[in-house]
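Asker: Please see the structure below; I have some questions.
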Amino acid sequence: MSARLLELEDVHTQLTLREGVVRAVDGVSFHVDAGETLGIVGESGSGKSMTALSIMRLLPRSGRIIGGSIRFKGRELRDLAEAEMEALRGTDIAMIFQDPMTSLNPVYRTGWQVGEPLRIHRHVKTAASVAAAVGLFKKVGIPEPEKRAMQYPHMFSGGMRQRAMIAMGLSTGPSLLIADEPTTALDVTIQAQILDLLRHLNREFGTATILITHNLGVVAGMCDRVIVMYAGRIVEEGRTEDVFANPEHPYTWSLLRSIPRLDAEVRGRLQPIEGSPPDMARLPEGCKFRSRCSFAIDRCATEEPELRQVRSQLTRCWVTQGGVSLESQSDLD
């Protein structure tokens with residue numbers, strides 16, 4: 001059995017905005033085991049990135065964690081002083097952000113930036129850190145690594161900038177890598193290369209990965225388990241093959257039917273999810289997905305379901321918790 005690396009228990013993070021108080025992360029609980037790849041999926045605004053920023057304690061000024069526990073290797077991260085948290089970031093936990101162009105400083109050479117975690121956390125000299133960056137560039141497949149290490153970020157393609165960010169994240173040998181939409185704005189060929197790279201690094205270094213994405217195809221090819229988020233909550237969690245084969249929440253079911261699949265038995269039109277996510281500052285009563293759900297029952301309007309076991313998954317749905325199969329119900333419509 002794998003060692004438990006990260007555990008979140010009933011985490012609540014809120015943002016105080018002009019529009020009101022937003023419960024960006026609302027009672028989220030999950031774990032990541034050593035060497036595991038966990039996918040977190042959902043539409044924009046579902047709480048995926050805010051969950052990652054809560055783990056890293058890198059919330060915007062308007063945000064704060066108001067409840068719950070975040071334990072990494074048994075240590076409660078919420079109790080750590082900022083200096084202790086800074087020592088943990090970039091050493092044991094690393095994060096790859098969505099846009100590598102805004103994450104890399106345009107006025108410093110890329111090799112110098114990739115070697116910075118080694119200078120800060122391992123007290124390596126500048127020349128040695130740049131040499132280490134060259135070695136990391138080789139590992140992540142950046143061509144002409146010695147030359148590239150001396151260049152500036154604007155001289156890199158989008159795919160190479162993302163590879164440089166991955167190299168930086170891996171420079172200190174972290175136990176956990178959080179990748180927040182690592183293939184956003186990259187063309188399909190480069191996306192595939194980046195995902196192959198992450199898969200290879202997971203096998204080579206045994207680094208556990210949290211992969212945040214809206215792309216279900218990426219999750220299918222990369223992740224051992226998947227969490228589906230909606231309106232700041234987890235609505236379904238389980239092994240990836242189980243969730244994809246038999247989704248137990250209508251939101252997951254709808255997501256899977258809104259994308260093309262090569263293994264689909266019946267050809268037909270893709271089914272979009274009608275409506276929009278709720279206003280996070282004015283959440284409705286009951287199930288937050290009810291207004292967009294074709295399976296909703298009367299109870300959904302007044303009571304929000306808890307996350308409970310249904311067959312092999314955890315799900316937040318009165319319909320499937322009552323023993324109804326979404327597939328069989330959809331066949332009747």
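Residue names in the structure tokens use chain letters A, B, ... in the order shown, residue numbers from 1 in each chain, and ligand numbers from 1 in the order shown.
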Could you name the residues that touch Ala34 in chain A at 9 Å or less, counting only C-alpha atoms, but leaving out those on the same chain fewer than 3 positions away, as a PyMOL selection string?
Answerer: chain A and resi 2-6+37+175-176+206-209
Asker: Find the residues around Gln271 in chain A up to 12 Å (only C-alpha atoms counted), leave out those fewer than 6 positions away in its own chain, and share them as a list in words.
Answerer: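 The residues satisfying every condition are Trp253, Ser254, Leu255, Leu256, Arg257, Ser258, Ile259, Pro260 and Ser294 of chain A.
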Asker: Using only C-alpha atoms, find each residue in range 136-240 of chain A having at least one atom no more than 6 Å away from range 91-115 of chain A; report its shortest atom-to-atom pair and that distance in Å (one decimal), rows by chain then rising number, as a Markdown table.
Answerer:
| residue | atom | partner | partner_atom | distance |
| --- | --- | --- | --- | --- |
| A:Ala149 | CA | A:Gly111 | CA | 3.9 |
| A:Met150 | CA | A:Arg109 | CA | 5.5 |
| A:Gln151 | CA | A:Arg109 | CA | 5.3 |
| A:Tyr152 | CA | A:Arg109 | CA | 4.6 |
| A:Pro153 | CA | A:Pro106 | CA | 5.7 |
| A:Arg161 | CA | A:Pro100 | CA | 5.8 |
| A:Gln162 | CA | A:Pro100 | CA | 5.6 |
| A:Met168 | CA | A:Val114 | CA | 4.5 |
| A:Gly169 | CA | A:Ala94 | CA | 5.2 |
| A:Thr172 | CA | A:Thr91 | CA | 5.3 |
| A:Pro174 | CA | A:Asp92 | CA | 4.1 |
| A:Ser175 | CA | A:Asp92 | CA | 5.2 |
| A:Leu176 | CA | A:Ile93 | CA | 4.9 |
| A:Leu177 | CA | A:Ala94 | CA | 5.0 |
| A:Ile178 | CA | A:Met95 | CA | 4.6 |
| A:Ala179 | CA | A:Ile96 | CA | 4.7 |
| A:Asp180 | CA | A:Phe97 | CA | 5.3 |
| A:Glu181 | CA | A:Gln98 | CA | 5.1 |
| A:Pro182 | CA | A:Gln98 | CA | 5.6 |
Asker: For those residues, write C-alpha atoms to a file as a short mmCIF file (atom, residue, chain, number, x, y, z; two decimals), in the first residue's frame.
Answerer:
data_model
loop_
_atom_site.label_atom_id
_atom_site.label_comp_id
_atom_site.auth_asym_id
_atom_site.auth_seq_id
_atom_site.Cartn_x
_atom_site.Cartn_y
_atom_site.Cartn_z
CA ALA A 149 20.28 28.07 -20.75
CA MET A 150 21.86 31.37 -21.79
CA GLN A 151 18.77 32.63 -23.62
CA TYR A 152 15.85 34.68 -22.34
CA PRO A 153 12.24 33.38 -22.07
CA ARG A 161 8.85 27.57 -21.82
CA GLN A 162 6.58 24.96 -20.26
CA MET A 168 12.45 24.29 -12.46
CA GLY A 169 9.77 22.39 -10.56
CA THR A 172 15.08 20.05 -6.03
CA PRO A 174 10.05 17.31 -4.88
CA SER A 175 7.81 14.58 -3.53
CA LEU A 176 4.72 16.33 -4.92
CA LEU A 177 4.30 18.25 -8.18
CA ILE A 178 1.15 20.33 -8.73
CA ALA A 179 0.60 21.01 -12.44
CA ASP A 180 -2.11 23.62 -13.01
CA GLU A 181 -3.33 23.37 -16.63
CA PRO A 182 0.21 22.59 -17.91
#
Asker: Leaving out Ala301 in chain A and any residue of its chain fewer than 3 positions from it, which residues lie within 9 Å of it when counting only C-alpha atoms, given as a VMD selection string?
Answerer: chain A and resid 284 to 288 290 to 291 296 to 298 304
Asker: Would you compute the distance between CA of Ile210 in chain A and CA of Glu7 in chain A? Give it in Å to one decimal.
Answerer: 12.3 Å
Asker: Which parts of range 74-285 of chain A does DSSP call strand (DSSP E) when run on the backbone here, written out as a VMD selection string?
Answerer: chain A and resid 75 to 76 93 to 96 176 to 180 208 to 213 225 to 230 233 to 239
Asker: Using only C-alpha atoms, which of the listed residues (A:Gly35, A:Ser171, A:Gly47, A:Lys73) sits closest to Arg203 in chain A?
Answerer: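 Closest to Arg203 in chain A of all the choices is A:Gly35.
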Asker: With only C-alpha atoms as the atoms that count, which of A:Pro250, A:Glu274, A:Met280, A:Ala192 lies nearest to Val324 in chain A?
Answerer: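 Smallest distance to Val324 in chain A is found for A:Pro250.
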Asker: Measure the distance from CA of Gln309 in chain A to CA of Cys293 in chain A in Å and round it to one decimal.
Answerer: 20.3 Å
Asker: Using only C-alpha atoms, which protein or nucleic acid residues come within 12 Å of Glu76 in chain A? Drop anything in the same chain fewer than 5 positions from it, and give the result as a list of chain:residue names.
Answerer: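 Answer for this query is A:Leu5, A:Leu6, A:Glu7, A:Leu8, A:Glu9, A:Ile55, A:Arg57, A:Gly68, A:Ser69, A:Ile70, A:Arg71, A:Ala81, A:Glu84, A:Met85.
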Asker: Given only C-alpha atoms as the basis, pick out the residue of A:Leu197, A:Ala281, A:Leu88, A:Leu307 nearest to Ala231 in chain A.
Answerer: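 Smallest separation from Ala231 in chain A among the options: A:Ala281.
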